[in-house]
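Student: Have a look at this one before I ask anything.
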Amino acid sequence: MPAVSLINKARVLALVESGMSYGQVAVAIGIPKSTIYSNVQKWRREQTIVRRPGSGGRQVSTLAQDEALVSEVKRRPFATAASAAATTRFPGSTKTARRRIRTAGIRNYVATRKVRLRPRHKELRLGFALEHFVHDNDFWNRVVFSDEKKFSQARMVDCEYTGPEIPAMNINMFKRKTEAGVFQLTCGHGFL
């Protein structure tokens with residue numbers, strides 16, 4: 001179990017002093033009763049809740065090195081702990097670097113894998129762009145670009161679909177009528 005923070009130690013003492021039992025404090029804070037007992041005894045014996053300077057293992061890095069590691073990870077959010085440790089010359093192991101980063105409240109990010117465009121995709125996109133390059137602003141003001149698959153049909157009037165061929169059952173959803181006006185719906189993302 002990780003060490004109890006100074007804030008929680010102070011809360012333990014305050015709750016015990018207010019008359020709560022060790023069991024009630026354990027439930028309220030979420031620490032074992034034995035830990036609460038140890039903290040209270042240390043307070044009564046030494047009048048402090050701070051760890052003694054020599055207790056526990058020696059810390060491998062200084063506060064400045066920890067801050068440099070954390071700032072490097074904040075600067076490059078997709079960097080690995082190993083690369084950030086190497087860049088900042090962090091003296092500890094990769095596991096220790098990960099622990100310092102996690103203690104600072106930073107979680108790992110994984111970059112999304114992007115689908116690579118094949119030459120056929122590029123040709124289709126270029127063909128679409130060249131086909132519609134000649135249209136004026138009036139045409140483009142009536143076009144909706146989106147990667148959404150569903151649209152609110154309350155705003156649609158006489159929707160005309162332009163783009164790659166789709167099954168006839170899907171075309172019907174583009175020919176709804178409302179009072180708003182006419183516009184053209186173009187789906188430029190569906191080329192496969």
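Each chain of the structure tokens is named A, B, ... in the order shown, its residues numbered from 1; ligands are numbered from 1 in display order.
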Applying 9 Å and only C-alpha atoms, which residues near A:Ala10 remain after dropping the ones on its own chain fewer than 5 positions away? List them as a list in words.
Tutor: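 Skipping anything fewer than 5 positions along the chain leaves Ser5, Leu15 and Ile49 of chain A.
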Student: Next, the residues of the selection above should be written as a PDB file, in the first residue's frame with N, CA, C and O atoms.
Tutor:
ATOM      1  N   SER A   5      -0.568  10.151   2.618  1.00  0.00           N
ATOM      2  CA  SER A   5      -0.136  11.534   2.415  1.00  0.00           C
ATOM      3  C   SER A   5      -0.260  12.320   3.723  1.00  0.00           C
ATOM      4  O   SER A   5      -0.996  11.941   4.633  1.00  0.00           O
ATOM      5  N   LEU A  15      -9.875  13.742  12.978  1.00  0.00           N
ATOM      6  CA  LEU A  15     -11.063  12.914  13.207  1.00  0.00           C
ATOM      7  C   LEU A  15     -10.978  12.146  14.524  1.00  0.00           C
ATOM      8  O   LEU A  15     -11.973  12.007  15.246  1.00  0.00           O
ATOM      9  N   ILE A  49       3.833  14.309  12.368  1.00  0.00           N
ATOM     10  CA  ILE A  49       3.318  13.277  11.474  1.00  0.00           C
ATOM     11  C   ILE A  49       4.213  13.107  10.255  1.00  0.00           C
ATOM     12  O   ILE A  49       3.957  12.288   9.392  1.00  0.00           O
TER      13      ILE A  49
END
Student: So that I can see what lies close to A:Ala14, please list as a list in words the residues with an atom at most 12 Å from it, counting only C-alpha atoms and leaving out residues fewer than 4 positions away in the same chain.
Tutor: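 Residues near the query, excluding close chain neighbours: Ile7, Asn8, Lys9, Ala10, Ser18, Gly19, Met20, Ser21, Tyr22, Val25, Ile29, Ile36, Asn39, Val40 and Trp43 of chain A.
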Student: Quick one: everything within 6 Å of A:Thr94, counting only C-alpha atoms, minus sequence neighbours fewer than 2 positions away in the same chain. Send it as a PDB file with N, CA, C and O atoms, in the first residue's frame.
Tutor:
ATOM      1  N   ALA A  82      10.469   6.327 -21.205  1.00  0.00           N
ATOM      2  CA  ALA A  82      11.883   6.040 -21.453  1.00  0.00           C
ATOM      3  C   ALA A  82      12.546   7.162 -22.250  1.00  0.00           C
ATOM      4  O   ALA A  82      13.662   7.588 -21.930  1.00  0.00           O
ATOM      5  N   THR A  96      10.814   3.925 -12.411  1.00  0.00           N
ATOM      6  CA  THR A  96      10.786   5.071 -11.489  1.00  0.00           C
ATOM      7  C   THR A  96      10.295   6.320 -12.217  1.00  0.00           C
ATOM      8  O   THR A  96       9.517   7.096 -11.665  1.00  0.00           O
ATOM      9  N   ALA A  97      10.731   6.511 -13.459  1.00  0.00           N
ATOM     10  CA  ALA A  97      10.279   7.671 -14.250  1.00  0.00           C
ATOM     11  C   ALA A  97       8.769   7.613 -14.443  1.00  0.00           C
ATOM     12  O   ALA A  97       8.077   8.619 -14.278  1.00  0.00           O
TER      13      ALA A  97
END
Student: For atom CA of A:Val134 and atom CA of A:Pro119, quote the distance in Å rounded to one decimal.
Tutor: 24.0 Å
Student: Can you list, as an MDAnalysis selection string, every protein, DNA or RNA residue that comes within 12 Å of A:Ala86 when you count only C-alpha atoms, leaving out same-chain residues fewer than 5 positions away?
Tutor: chainID A and resid 65 68:69 72:73 79:81 91:94 97
Student: Just checking: using only C-alpha atoms, which residue out of A:Val115, A:Leu13, A:Ala64, A:Val4 ends up closest to A:Gly30?
Tutor: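 Closest candidate: A:Val4.
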Student: What residues in stretch 85-134 of chain A get the DSSP label alpha helix (DSSP H)? Please answer as a PyMOL selection string.
Tutor: chain A and resi 85-88+94-103+119-132
Student: Suppose you want the space between atom CA of A:Val27 and atom CA of A:Arg51; what is it in Å?
Tutor: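 According to the coordinates, atom CA of A:Val27 and atom CA of A:Arg51 are separated by 23.7 Å.
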